[in-house]
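What's in final33.cif: mmCIF, C-alpha atoms and all ligand atoms
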```cif
data_coords
#
loop_
_atom_site.group_PDB
_atom_site.id
_atom_site.type_symbol
_atom_site.label_atom_id
_atom_site.label_comp_id
_atom_site.auth_asym_id
_atom_site.auth_seq_id
_atom_site.Cartn_x
_atom_site.Cartn_y
_atom_site.Cartn_z
ATOM 1 C CA MET Q 1 386.583 65.519 20.239
ATOM 2 C CA GLY Q 2 389.208 65.913 17.508
ATOM 3 C CA LYS Q 3 392.066 68.335 17.414
ATOM 4 C CA VAL Q 4 392.641 71.447 15.354
ATOM 5 C CA ILE Q 5 396.049 71.670 13.688
ATOM 6 C CA VAL Q 6 396.829 75.076 12.220
ATOM 7 C CA PHE Q 7 399.891 75.330 9.975
ATOM 8 C CA GLY Q 8 400.981 78.729 8.768
ATOM 9 C CA SER Q 9 402.166 82.178 9.630
ATOM 10 C CA LEU Q 10 403.185 83.913 12.832
ATOM 11 C CA ASN Q 11 403.858 87.663 12.671
ATOM 12 C CA MET Q 12 404.393 90.520 15.025
ATOM 13 C CA ASP Q 13 402.159 93.381 13.941
ATOM 14 C CA VAL Q 14 403.974 96.667 14.574
ATOM 15 C CA ILE Q 15 401.280 99.312 14.492
ATOM 16 C CA VAL Q 16 402.418 102.907 14.181
ATOM 17 C CA GLN Q 17 399.712 105.543 14.592
ATOM 18 C CA SER Q 18 400.299 109.124 13.500
ATOM 19 C CA ASP Q 19 398.284 112.083 12.196
ATOM 20 C CA ARG Q 20 399.626 111.494 8.729
ATOM 21 C CA ARG Q 21 402.137 109.230 7.031
ATOM 22 C CA PRO Q 22 405.602 110.637 6.347
ATOM 23 C CA ALA Q 23 406.441 111.459 2.741
ATOM 24 C CA ALA Q 24 409.525 109.835 1.173
ATOM 25 C CA GLY Q 25 412.620 111.156 2.941
ATOM 26 C CA GLU Q 26 410.648 112.844 5.696
ATOM 27 C CA THR Q 27 410.806 112.163 9.455
ATOM 28 C CA ILE Q 28 407.778 112.835 11.597
ATOM 29 C CA LEU Q 29 407.577 112.602 15.365
ATOM 30 C CA GLY Q 30 404.687 112.191 17.746
ATOM 31 C CA ALA Q 31 403.572 108.714 16.657
ATOM 32 C CA THR Q 32 402.543 105.942 19.025
ATOM 33 C CA VAL Q 33 403.460 102.315 18.528
ATOM 34 C CA SER Q 34 401.805 99.072 19.613
ATOM 35 C CA LEU Q 35 403.018 95.516 19.169
ATOM 36 C CA LEU Q 36 400.272 92.983 18.613
ATOM 37 C CA PRO Q 37 400.691 89.264 17.909
ATOM 38 C CA GLY Q 38 399.402 88.447 14.436
ATOM 39 C CA GLY Q 39 399.826 86.319 11.358
ATOM 40 C CA LYS Q 40 396.790 84.508 10.010
ATOM 41 C CA GLY Q 41 397.974 81.112 11.204
ATOM 42 C CA SER Q 42 398.584 82.224 14.755
ATOM 43 C CA ASN Q 43 395.345 84.244 14.879
ATOM 44 C CA GLN Q 44 393.319 81.257 13.722
ATOM 45 C CA ALA Q 45 394.985 78.912 16.217
ATOM 46 C CA ILE Q 46 394.304 81.333 19.068
ATOM 47 C CA ALA Q 47 390.656 81.684 18.015
ATOM 48 C CA ALA Q 48 390.184 77.906 17.943
ATOM 49 C CA ALA Q 49 391.863 77.390 21.324
ATOM 50 C CA ARG Q 50 389.938 80.194 23.011
ATOM 51 C CA LEU Q 51 386.730 78.535 21.843
ATOM 52 C CA GLY Q 52 387.713 75.305 23.545
ATOM 53 C CA ALA Q 53 389.359 73.199 20.830
ATOM 54 C CA LYS Q 54 392.556 71.283 21.547
ATOM 55 C CA THR Q 55 394.812 73.175 19.162
ATOM 56 C CA GLU Q 56 398.353 72.808 17.840
ATOM 57 C CA MET Q 57 400.287 75.334 15.766
ATOM 58 C CA LEU Q 58 402.908 74.408 13.166
ATOM 59 C CA GLY Q 59 405.138 77.174 11.795
ATOM 60 C CA VAL Q 60 408.478 78.963 11.985
ATOM 61 C CA VAL Q 61 409.670 82.061 13.856
ATOM 62 C CA GLY Q 62 413.109 83.704 13.931
ATOM 63 C CA ASP Q 63 415.587 83.622 16.832
ATOM 64 C CA ASP Q 64 414.691 87.136 17.952
ATOM 65 C CA ALA Q 65 412.574 88.667 20.717
ATOM 66 C CA PHE Q 66 409.414 88.701 18.575
ATOM 67 C CA GLY Q 67 409.693 84.964 17.935
ATOM 68 C CA GLY Q 68 409.940 84.192 21.633
ATOM 69 C CA GLU Q 69 407.002 86.454 22.396
ATOM 70 C CA LEU Q 70 404.809 84.882 19.690
ATOM 71 C CA ARG Q 71 405.524 81.385 20.998
ATOM 72 C CA ALA Q 72 404.695 82.571 24.516
ATOM 73 C CA VAL Q 73 401.437 84.186 23.369
ATOM 74 C CA LEU Q 74 400.350 80.894 21.806
ATOM 75 C CA LYS Q 75 401.134 79.041 25.013
ATOM 76 C CA ARG Q 76 399.259 81.554 27.142
ATOM 77 C CA SER Q 77 396.300 81.203 24.779
ATOM 78 C CA GLY Q 78 396.239 77.427 25.276
ATOM 79 C CA VAL Q 79 397.784 76.505 21.918
ATOM 80 C CA ASN Q 80 400.379 73.719 21.848
ATOM 81 C CA ASN Q 81 403.412 75.514 20.348
ATOM 82 C CA SER Q 82 405.830 72.585 20.205
ATOM 83 C CA GLY Q 83 405.505 72.531 16.404
ATOM 84 C CA VAL Q 84 406.639 76.162 16.081
ATOM 85 C CA ARG Q 85 410.298 75.938 15.110
ATOM 86 C CA ILE Q 86 412.858 78.652 15.834
ATOM 87 C CA GLN Q 87 414.994 79.296 12.748
ATOM 88 C CA ARG Q 88 418.467 80.566 13.658
ATOM 89 C CA GLY Q 89 419.689 83.632 11.826
ATOM 90 C CA MET Q 90 416.267 84.634 10.520
ATOM 91 C CA SER Q 91 413.869 87.374 11.550
ATOM 92 C CA THR Q 92 410.373 86.657 12.758
ATOM 93 C CA GLY Q 93 407.660 87.740 10.322
ATOM 94 C CA VAL Q 94 406.609 91.357 10.788
ATOM 95 C CA ALA Q 95 403.692 93.357 9.447
ATOM 96 C CA LEU Q 96 404.422 97.073 9.691
ATOM 97 C CA ILE Q 97 401.048 98.776 9.841
ATOM 98 C CA GLN Q 98 401.042 102.559 9.484
ATOM 99 C CA VAL Q 99 397.748 103.997 10.607
ATOM 100 C CA ALA Q 100 397.084 107.638 9.791
ATOM 101 C CA GLY Q 101 393.663 109.212 10.085
ATOM 102 C CA GLY Q 102 391.551 106.131 9.475
ATOM 103 C CA ASP Q 103 393.689 105.102 6.529
ATOM 104 C CA ASN Q 104 396.331 102.407 6.752
ATOM 105 C CA ALA Q 105 399.326 101.170 4.798
ATOM 106 C CA ILE Q 106 400.800 97.741 5.504
ATOM 107 C CA THR Q 107 404.260 96.431 4.673
ATOM 108 C CA GLY Q 108 404.735 92.705 5.244
ATOM 109 C CA ALA Q 109 408.115 91.047 5.803
ATOM 110 C CA SER Q 110 407.427 87.332 5.951
ATOM 111 C CA GLY Q 111 410.870 86.484 7.386
ATOM 112 C CA ALA Q 112 410.985 83.029 8.973
ATOM 113 C CA ASN Q 113 407.476 82.186 7.706
ATOM 114 C CA GLY Q 114 409.114 81.710 4.300
ATOM 115 C CA ALA Q 115 411.259 78.886 5.687
ATOM 116 C CA PHE Q 116 408.299 76.661 6.615
ATOM 117 C CA LYS Q 117 408.489 73.271 4.886
ATOM 118 C CA ALA Q 118 406.151 70.293 4.913
ATOM 119 C CA ALA Q 119 409.093 67.933 5.487
ATOM 120 C CA GLU Q 120 409.766 69.401 8.923
ATOM 121 C CA VAL Q 121 406.316 68.441 10.171
ATOM 122 C CA ARG Q 122 406.868 65.314 12.237
ATOM 123 C CA ARG Q 123 403.310 65.116 13.405
ATOM 124 C CA ALA Q 124 401.217 62.838 11.198
ATOM 125 C CA PRO Q 125 397.579 63.765 10.557
ATOM 126 C CA ARG Q 126 394.893 61.540 12.025
ATOM 127 C CA ARG Q 127 391.300 60.859 11.070
ATOM 128 C CA GLY Q 128 388.919 63.181 12.885
ATOM 129 C CA GLU Q 129 391.393 66.051 13.090
ATOM 130 C CA VAL Q 130 390.857 69.374 11.356
ATOM 131 C CA TRP Q 131 393.908 70.735 9.475
ATOM 132 C CA VAL Q 132 393.896 74.411 8.617
ATOM 133 C CA GLY Q 133 396.220 76.331 6.253
ATOM 134 C CA GLN Q 134 396.456 79.812 4.696
ATOM 135 C CA PHE Q 135 398.600 81.523 2.072
ATOM 136 C CA GLU Q 136 401.145 83.413 4.219
ATOM 137 C CA THR Q 137 403.576 80.460 4.214
ATOM 138 C CA PRO Q 138 404.998 78.731 1.095
ATOM 139 C CA VAL Q 139 402.306 77.243 -1.142
ATOM 140 C CA ALA Q 140 404.270 74.040 -1.765
ATOM 141 C CA ALA Q 141 404.239 73.243 1.959
ATOM 142 C CA THR Q 142 400.546 74.066 2.199
ATOM 143 C CA GLU Q 143 399.722 71.773 -0.696
ATOM 144 C CA ALA Q 144 401.807 68.888 0.671
ATOM 145 C CA LEU Q 145 400.221 69.116 4.134
ATOM 146 C CA LEU Q 146 396.671 69.406 2.806
ATOM 147 C CA ARG Q 147 397.264 66.386 0.590
ATOM 148 C CA LYS Q 148 398.629 64.325 3.466
ATOM 149 C CA ALA Q 149 395.883 65.360 5.872
ATOM 150 C CA ARG Q 150 393.194 64.606 3.314
ATOM 151 C CA ALA Q 151 394.674 61.170 2.567
ATOM 152 C CA THR Q 152 394.415 60.140 6.234
ATOM 153 C CA GLY Q 153 390.782 61.218 6.539
ATOM 154 C CA ALA Q 154 391.338 64.479 8.388
ATOM 155 C CA THR Q 155 389.127 67.423 7.433
ATOM 156 C CA THR Q 156 391.046 70.102 5.550
ATOM 157 C CA ILE Q 157 390.297 73.830 5.570
ATOM 158 C CA LEU Q 158 392.174 76.307 3.386
ATOM 159 C CA ASN Q 159 391.822 80.038 3.901
ATOM 160 C CA LEU Q 160 392.980 81.449 0.552
ATOM 161 C CA ALA Q 161 394.321 84.652 2.090
ATOM 162 C CA PRO Q 162 396.102 86.644 0.972
ATOM 163 C CA MET Q 163 395.569 85.472 -2.594
ATOM 164 C CA VAL Q 164 398.839 84.220 -4.133
ATOM 165 C CA PRO Q 165 399.480 82.245 -7.315
ATOM 166 C CA HIS Q 166 398.735 78.589 -6.586
ATOM 167 C CA PRO Q 167 398.237 75.461 -8.683
ATOM 168 C CA PRO Q 168 394.493 74.746 -9.189
ATOM 169 C CA ARG Q 169 395.089 71.082 -8.200
ATOM 170 C CA LEU Q 170 395.667 72.246 -4.628
ATOM 171 C CA LEU Q 171 391.902 72.762 -4.253
ATOM 172 C CA LYS Q 172 391.372 69.003 -4.719
ATOM 173 C CA PHE Q 173 392.858 68.458 -1.276
ATOM 174 C CA VAL Q 174 390.569 71.014 0.350
ATOM 175 C CA ASP Q 175 387.286 70.043 2.003
ATOM 176 C CA ILE Q 176 386.308 73.605 2.859
ATOM 177 C CA ALA Q 177 387.797 76.707 1.241
ATOM 178 C CA VAL Q 178 387.204 80.008 3.039
ATOM 179 C CA LEU Q 179 387.878 83.382 1.435
ATOM 180 C CA ASN Q 180 386.449 86.886 1.314
ATOM 181 C CA GLU Q 181 384.835 88.534 -1.693
ATOM 182 C CA ILE Q 182 388.060 90.178 -2.856
ATOM 183 C CA GLU Q 183 389.990 86.919 -2.732
ATOM 184 C CA LEU Q 184 387.168 85.056 -4.483
ATOM 185 C CA ALA Q 185 387.217 87.619 -7.298
ATOM 186 C CA GLN Q 186 391.003 87.363 -7.564
ATOM 187 C CA ALA Q 187 391.004 83.554 -7.600
ATOM 188 C CA THR Q 188 388.236 83.071 -10.134
ATOM 189 C CA GLY Q 189 388.255 86.241 -12.222
ATOM 190 C CA ALA Q 190 384.560 86.646 -11.351
ATOM 191 C CA ARG Q 191 383.360 90.244 -11.152
ATOM 192 C CA ILE Q 192 381.798 90.180 -7.715
ATOM 193 C CA THR Q 193 381.508 92.451 -4.710
ATOM 194 C CA ALA Q 194 380.151 91.802 -1.218
ATOM 195 C CA ARG Q 195 376.762 93.001 -2.520
ATOM 196 C CA SER Q 196 376.466 90.677 -5.529
ATOM 197 C CA PRO Q 197 373.384 88.417 -5.641
ATOM 198 C CA GLU Q 198 373.615 85.014 -3.932
ATOM 199 C CA ARG Q 199 373.601 83.118 -7.222
ATOM 200 C CA THR Q 200 376.517 85.181 -8.604
ATOM 201 C CA ILE Q 201 378.602 84.514 -5.491
ATOM 202 C CA ALA Q 202 377.636 80.822 -5.527
ATOM 203 C CA ALA Q 203 378.683 80.519 -9.169
ATOM 204 C CA ALA Q 204 382.095 81.995 -8.329
ATOM 205 C CA CYS Q 205 382.394 79.624 -5.346
ATOM 206 C CA ARG Q 206 381.789 76.616 -7.605
ATOM 207 C CA LYS Q 207 384.359 77.888 -10.081
ATOM 208 C CA LEU Q 208 387.043 77.740 -7.387
ATOM 209 C CA GLY Q 209 387.133 73.926 -7.379
ATOM 210 C CA ALA Q 210 387.015 72.981 -3.678
ATOM 211 C CA ARG Q 211 384.206 70.690 -2.496
ATOM 212 C CA ILE Q 212 382.684 73.332 -0.277
ATOM 213 C CA VAL Q 213 383.443 77.039 -0.568
ATOM 214 C CA ILE Q 214 382.532 79.675 2.004
ATOM 215 C CA ALA Q 215 382.631 83.266 0.785
ATOM 216 C CA THR Q 216 382.703 85.630 3.771
ATOM 217 C CA LEU Q 217 381.177 88.982 2.920
ATOM 218 C CA GLY Q 218 382.011 91.267 5.845
ATOM 219 C CA GLY Q 219 378.947 92.833 7.462
ATOM 220 C CA ARG Q 220 376.657 90.946 5.072
ATOM 221 C CA GLY Q 221 377.617 87.525 6.451
ATOM 222 C CA LEU Q 222 378.421 84.659 4.117
ATOM 223 C CA VAL Q 223 377.376 82.605 1.135
ATOM 224 C CA MET Q 224 378.508 78.998 1.042
ATOM 225 C CA ALA Q 225 378.162 76.541 -1.785
ATOM 226 C CA GLY Q 226 378.568 72.794 -2.226
ATOM 227 C CA PRO Q 227 378.161 70.827 -5.444
ATOM 228 C CA ASP Q 228 374.351 71.111 -5.465
ATOM 229 C CA TRP Q 229 373.381 73.461 -2.672
ATOM 230 C CA VAL Q 230 373.789 77.065 -1.557
ATOM 231 C CA LEU Q 231 373.310 78.534 1.899
ATOM 232 C CA SER Q 232 373.427 82.183 2.937
ATOM 233 C CA LEU Q 233 373.844 83.280 6.532
ATOM 234 C CA PRO Q 234 373.448 86.898 7.617
ATOM 235 C CA ALA Q 235 376.043 88.472 9.907
ATOM 236 C CA PHE Q 236 375.119 89.188 13.529
ATOM 237 C CA LYS Q 237 374.729 92.858 14.385
ATOM 238 C CA ALA Q 238 377.887 94.234 15.962
ATOM 239 C CA LYS Q 239 379.238 97.506 17.331
ATOM 240 C CA VAL Q 240 382.241 97.651 15.030
ATOM 241 C CA VAL Q 241 385.526 98.849 16.529
ATOM 242 C CA ASP Q 242 388.115 97.068 14.340
ATOM 243 C CA THR Q 243 387.427 94.377 11.757
ATOM 244 C CA THR Q 244 391.070 93.195 11.631
ATOM 245 C CA GLY Q 245 391.118 89.440 12.109
ATOM 246 C CA ALA Q 246 387.382 88.884 11.532
ATOM 247 C CA GLY Q 247 388.172 86.374 8.796
ATOM 248 C CA ASP Q 248 390.751 84.653 11.023
ATOM 249 C CA CYS Q 249 388.257 84.433 13.870
ATOM 250 C CA PHE Q 250 385.745 82.898 11.477
ATOM 251 C CA VAL Q 251 388.212 80.251 10.264
ATOM 252 C CA GLY Q 252 389.422 79.349 13.772
ATOM 253 C CA ALA Q 253 385.883 79.098 15.120
ATOM 254 C CA LEU Q 254 384.739 77.004 12.160
ATOM 255 C CA ALA Q 255 387.637 74.581 12.688
ATOM 256 C CA ALA Q 256 386.938 74.404 16.424
ATOM 257 C CA ARG Q 257 383.279 73.505 15.954
ATOM 258 C CA LEU Q 258 383.983 70.991 13.188
ATOM 259 C CA SER Q 259 386.562 69.293 15.425
ATOM 260 C CA ALA Q 260 383.818 68.991 18.051
ATOM 261 C CA GLY Q 261 381.718 67.096 15.520
ATOM 262 C CA VAL Q 262 378.943 69.594 14.793
ATOM 263 C CA SER Q 263 377.408 69.933 11.315
ATOM 264 C CA LEU Q 264 378.860 72.328 8.761
ATOM 265 C CA SER Q 265 375.865 74.677 8.852
ATOM 266 C CA ASP Q 266 375.890 74.836 12.675
ATOM 267 C CA ALA Q 267 379.654 75.378 12.669
ATOM 268 C CA ALA Q 268 379.290 78.182 10.092
ATOM 269 C CA ARG Q 269 376.583 79.887 12.148
ATOM 270 C CA TYR Q 270 378.710 79.626 15.271
ATOM 271 C CA ALA Q 271 381.730 81.025 13.403
ATOM 272 C CA THR Q 272 379.598 83.913 12.105
ATOM 273 C CA ALA Q 273 378.588 84.757 15.669
ATOM 274 C CA ALA Q 274 382.201 84.477 16.866
ATOM 275 C CA ALA Q 275 383.467 86.748 14.077
ATOM 276 C CA SER Q 276 380.843 89.364 14.931
ATOM 277 C CA CYS Q 277 382.181 89.412 18.515
ATOM 278 C CA SER Q 278 385.762 89.825 17.279
ATOM 279 C CA VAL Q 279 384.994 93.053 15.387
ATOM 280 C CA GLU Q 280 383.946 94.732 18.641
ATOM 281 C CA ARG Q 281 387.519 94.767 20.000
ATOM 282 C CA LEU Q 282 390.817 96.186 18.759
ATOM 283 C CA GLY Q 283 393.408 93.890 17.187
ATOM 284 C CA ALA Q 284 393.210 90.336 15.923
ATOM 285 C CA ALA Q 285 394.434 87.767 18.463
ATOM 286 C CA PRO Q 286 393.416 89.858 21.507
ATOM 287 C CA ALA Q 287 389.912 90.239 20.034
ATOM 288 C CA MET Q 288 389.106 86.526 19.777
ATOM 289 C CA PRO Q 289 385.952 85.766 21.816
ATOM 290 C CA THR Q 290 385.263 83.234 24.552
ATOM 291 C CA PRO Q 291 382.596 80.505 24.286
ATOM 292 C CA ARG Q 292 380.403 82.518 26.681
ATOM 293 C CA GLU Q 293 380.480 85.582 24.476
ATOM 294 C CA VAL Q 294 379.599 83.546 21.401
ATOM 295 C CA ALA Q 295 376.783 81.741 23.216
ATOM 296 C CA ALA Q 296 375.336 85.098 24.292
ATOM 297 C CA ARG Q 297 375.454 86.365 20.712
ATOM 298 C CA LEU Q 298 373.797 83.218 19.372
ATOM 299 C CA SER Q 299 370.969 83.419 21.878
ATOM 300 C CA ARG Q 300 370.368 87.109 21.119
ATOM 301 C CA ALA Q 301 369.564 86.362 17.473
HETATM 302 N N1 LIG C 401 380.724 94.701 10.399
HETATM 303 C C1 LIG C 401 380.525 93.430 10.763
HETATM 304 N N2 LIG C 401 379.485 93.096 11.559
HETATM 305 C C2 LIG C 401 379.240 91.826 11.911
HETATM 306 N N3 LIG C 401 379.998 90.783 11.524
HETATM 307 C C3 LIG C 401 381.055 91.046 10.719
HETATM 308 C C4 LIG C 401 381.385 92.372 10.306
HETATM 309 N N4 LIG C 401 382.496 92.326 9.527
HETATM 310 C C5 LIG C 401 382.836 91.008 9.464
HETATM 311 N N5 LIG C 401 381.972 90.245 10.172
HETATM 312 C C6 LIG C 401 381.976 88.788 10.301
HETATM 313 O O1 LIG C 401 383.259 88.296 10.038
HETATM 314 C C7 LIG C 401 383.253 87.417 8.915
HETATM 315 C C8 LIG C 401 384.545 87.602 8.177
HETATM 316 O O2 LIG C 401 384.684 88.952 7.773
HETATM 317 P P1 LIG C 401 385.208 89.333 6.315
HETATM 318 O O3 LIG C 401 385.333 90.807 6.237
HETATM 319 O O4 LIG C 401 384.338 88.664 5.300
HETATM 320 O O5 LIG C 401 386.636 88.616 6.270
HETATM 321 P P2 LIG C 401 388.088 89.272 6.069
HETATM 322 O O6 LIG C 401 388.470 89.780 7.408
HETATM 323 O O7 LIG C 401 388.908 88.115 5.632
HETATM 324 O O8 LIG C 401 387.924 90.340 5.010
HETATM 325 C C9 LIG C 401 382.001 87.783 8.136
HETATM 326 O O9 LIG C 401 381.507 86.687 7.393
HETATM 327 C C10 LIG C 401 381.047 88.170 9.255
HETATM 328 O O10 LIG C 401 380.440 87.025 9.807
HETATM 329 MG MG MG C 402 386.460 91.900 4.653
#
```

Spit out the file's structure as structure tokens when you get a sec.
Amino acid sequence: MGKVIVFGSLNMDVIVQSDRRPAAGETILGATVSLLPGGKGSNQAIAAARLGAKTEMLGVVGDDAFGGELRAVLKRSGVNNSGVRIQRGMSTGVALIQVAGGDNAITGASGANGAFKAAEVRRAPRRGEVWVGQFETPVAATEALLRKARATGATTILNLAPMVPHPPRLLKFVDIAVLNEIELAQATGARITARSPERTIAAACRKLGARIVIATLGGRGLVMAGPDWVLSLPAFKAKVVDTTGAGDCFVGALAARLSAGVSLSDAARYATAAASCSVERLGAAPAMPTPREVAARLSRA
């Protein structure tokens, strides 16, 4: 069984819940706060490890309490954190999430995530490994690592989230691109929604330029397209509590199954089942399912 190497972001999500959001200049009291480990990279690594893959995380945190906690959370989740560097004098990435009456506003401060460089990665990719990146750390580092991993025969997965400007050549180093309908529209200029017909989504997928593109479509499931094929998979029914991190769960689960050597379509079905479990619990990292939960969901279908 190969390993999963996730390179990317680690954030502390600071979630403030109140009846309403304060107006500019206003102070309101009576809010509650929760701190939840987040960052797409870290979420994806935790999902892969919880599902049984040998997983390593590469990234940067600051020399503050959040950084120490995020490294500890990875360790507790079974992720090798020795590639998570502590950058002196920088703050750990924070997402400030203000939740007010079902509506939320998010302010991201990428902090130490912005200091991640490909040159600091000592660990060379190996054939059979699955390397996974996202867009919350500098694009130049992501491109360099994907290129290197691809050249050694590792499988490369890029989650193009959140969408940021990137050179189109980067997609040449990607075996499997994963993105949601909003990101696919942003990246290709295609006018699509999660309800667009399969052929419209597939056409946008092909426009992206990666070998295989998986468009995740929330409660609809996914459409994935290769050079001369298209496959749609429906989502599994779920009792939705919080969809935060569904995409991250999908990516981590996909990487985990591919590292175990299963076929792409089986891995995608497994990841769809895993993601449907993750939406039934609050938060991202804490909501990642166990292999038992995913097996139960698969057998229910
Ligand atoms: N309401 C839901 N019910 C069941 N599965 C869901 C639901 N929302 C998301 N999922 C699963 O999670 C995957 C990723 O969700 P999606 O919303 O597409 O990603 P993102 O979180 O990046 O927007 C979907 O392809 C689907 O399998
Ligand atoms: Mg979505």

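Take the PyMOL selection byres (((not hetatm)) within 10 of (chain C and resi 402)) and apply it to this file: it picks Leu179, Asn180, Glu181, Ile182, Glu183, Ala194, Thr216, Leu217, Gly218, Gly219, Arg220, Thr243, Thr244, Gly245, Ala246 and Gly247 of chain Q.
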
Enclose the full set of atoms of stretch 276-282 of chain Q listed in the file within a box whose edges lie along x, y and z, apply 5 Å of padding to each of the six sides, and report centre and edge lengths in Å to one decimal as AutoDock Vina command-line options.
```
--center_x 385.8 --center_y 92.8 --center_z 17.5 --size_x 20.0 --size_y 16.8 --size_z 15.1
```

Which residues sit within 10 Å of ligand LIG 401 (chain C), counting all atoms listed in the file, listed as a PDB file with C-alpha atoms, keeping the file's coordinate frame?
```pdb
ATOM      1  CA  LYS Q  40     396.790  84.508  10.010  1.00  0.00           C
ATOM      2  CA  ASN Q 159     391.822  80.038   3.901  1.00  0.00           C
ATOM      3  CA  LEU Q 160     392.980  81.449   0.552  1.00  0.00           C
ATOM      4  CA  ALA Q 161     394.321  84.652   2.090  1.00  0.00           C
ATOM      5  CA  PRO Q 162     396.102  86.644   0.972  1.00  0.00           C
ATOM      6  CA  VAL Q 178     387.204  80.008   3.039  1.00  0.00           C
ATOM      7  CA  LEU Q 179     387.878  83.382   1.435  1.00  0.00           C
ATOM      8  CA  ASN Q 180     386.449  86.886   1.314  1.00  0.00           C
ATOM      9  CA  GLU Q 181     384.835  88.534  -1.693  1.00  0.00           C
ATOM     10  CA  ILE Q 182     388.060  90.178  -2.856  1.00  0.00           C
ATOM     11  CA  GLU Q 183     389.990  86.919  -2.732  1.00  0.00           C
ATOM     12  CA  ALA Q 194     380.151  91.802  -1.218  1.00  0.00           C
ATOM     13  CA  ILE Q 214     382.532  79.675   2.004  1.00  0.00           C
ATOM     14  CA  ALA Q 215     382.631  83.266   0.785  1.00  0.00           C
ATOM     15  CA  THR Q 216     382.703  85.630   3.771  1.00  0.00           C
ATOM     16  CA  LEU Q 217     381.177  88.982   2.920  1.00  0.00           C
ATOM     17  CA  GLY Q 218     382.011  91.267   5.845  1.00  0.00           C
ATOM     18  CA  GLY Q 219     378.947  92.833   7.462  1.00  0.00           C
ATOM     19  CA  ARG Q 220     376.657  90.946   5.072  1.00  0.00           C
ATOM     20  CA  GLY Q 221     377.617  87.525   6.451  1.00  0.00           C
ATOM     21  CA  LEU Q 222     378.421  84.659   4.117  1.00  0.00           C
ATOM     22  CA  VAL Q 223     377.376  82.605   1.135  1.00  0.00           C
ATOM     23  CA  LEU Q 233     373.844  83.280   6.532  1.00  0.00           C
ATOM     24  CA  PRO Q 234     373.448  86.898   7.617  1.00  0.00           C
ATOM     25  CA  ALA Q 235     376.043  88.472   9.907  1.00  0.00           C
ATOM     26  CA  PHE Q 236     375.119  89.188  13.529  1.00  0.00           C
ATOM     27  CA  LYS Q 237     374.729  92.858  14.385  1.00  0.00           C
ATOM     28  CA  ALA Q 238     377.887  94.234  15.962  1.00  0.00           C
ATOM     29  CA  LYS Q 239     379.238  97.506  17.331  1.00  0.00           C
ATOM     30  CA  VAL Q 240     382.241  97.651  15.030  1.00  0.00           C
ATOM     31  CA  VAL Q 241     385.526  98.849  16.529  1.00  0.00           C
ATOM     32  CA  ASP Q 242     388.115  97.068  14.340  1.00  0.00           C
ATOM     33  CA  THR Q 243     387.427  94.377  11.757  1.00  0.00           C
ATOM     34  CA  THR Q 244     391.070  93.195  11.631  1.00  0.00           C
ATOM     35  CA  GLY Q 245     391.118  89.440  12.109  1.00  0.00           C
ATOM     36  CA  ALA Q 246     387.382  88.884  11.532  1.00  0.00           C
ATOM     37  CA  GLY Q 247     388.172  86.374   8.796  1.00  0.00           C
ATOM     38  CA  ASP Q 248     390.751  84.653  11.023  1.00  0.00           C
ATOM     39  CA  CYS Q 249     388.257  84.433  13.870  1.00  0.00           C
ATOM     40  CA  PHE Q 250     385.745  82.898  11.477  1.00  0.00           C
ATOM     41  CA  VAL Q 251     388.212  80.251  10.264  1.00  0.00           C
ATOM     42  CA  ALA Q 268     379.290  78.182  10.092  1.00  0.00           C
ATOM     43  CA  ARG Q 269     376.583  79.887  12.148  1.00  0.00           C
ATOM     44  CA  TYR Q 270     378.710  79.626  15.271  1.00  0.00           C
ATOM     45  CA  ALA Q 271     381.730  81.025  13.403  1.00  0.00           C
ATOM     46  CA  THR Q 272     379.598  83.913  12.105  1.00  0.00           C
ATOM     47  CA  ALA Q 273     378.588  84.757  15.669  1.00  0.00           C
ATOM     48  CA  ALA Q 274     382.201  84.477  16.866  1.00  0.00           C
ATOM     49  CA  ALA Q 275     383.467  86.748  14.077  1.00  0.00           C
ATOM     50  CA  SER Q 276     380.843  89.364  14.931  1.00  0.00           C
ATOM     51  CA  CYS Q 277     382.181  89.412  18.515  1.00  0.00           C
ATOM     52  CA  SER Q 278     385.762  89.825  17.279  1.00  0.00           C
ATOM     53  CA  VAL Q 279     384.994  93.053  15.387  1.00  0.00           C
ATOM     54  CA  GLU Q 280     383.946  94.732  18.641  1.00  0.00           C
ATOM     55  CA  ALA Q 284     393.210  90.336  15.923  1.00  0.00           C
TER      56      ALA Q 284
END
```

ask   = Using only C-alpha atoms, which residues sit within 9 Å of Q:Leu146 once same-chain residues fewer than 4 positions away are excluded, as number ranges by chain?
value = Q: 131-133, 141-142, 150-151, 156-158, 170, 173-174

query = Any idea what's packed within 7 Å of Q:Val14, counting only C-alpha atoms, ignoring anything in its chain fewer than 2 positions away? Could you give it as a VMD selection string?
reply = chain Q and resid 12 16 33 to 36 95 to 97

Closest pair table for stretch 24-64 of chain Q residues within 12 Å of stretch 288-294 of chain Q, only C-alpha atoms, as a Markdown table:
```
| residue | atom | partner | partner_atom | distance |
| --- | --- | --- | --- | --- |
| Q:Gly38 | CA | Q:Met288 | CA | 11.8 |
| Q:Ser42 | CA | Q:Met288 | CA | 11.6 |
| Q:Asn43 | CA | Q:Met288 | CA | 8.3 |
| Q:Gln44 | CA | Q:Met288 | CA | 9.1 |
| Q:Ala45 | CA | Q:Met288 | CA | 10.3 |
| Q:Ile46 | CA | Q:Met288 | CA | 7.4 |
| Q:Ala47 | CA | Q:Met288 | CA | 5.4 |
| Q:Ala48 | CA | Q:Met288 | CA | 8.9 |
| Q:Ala49 | CA | Q:Thr290 | CA | 9.4 |
| Q:Arg50 | CA | Q:Thr290 | CA | 5.8 |
| Q:Leu51 | CA | Q:Pro291 | CA | 5.2 |
| Q:Gly52 | CA | Q:Pro291 | CA | 7.3 |
| Q:Ala53 | CA | Q:Pro291 | CA | 10.5 |
```
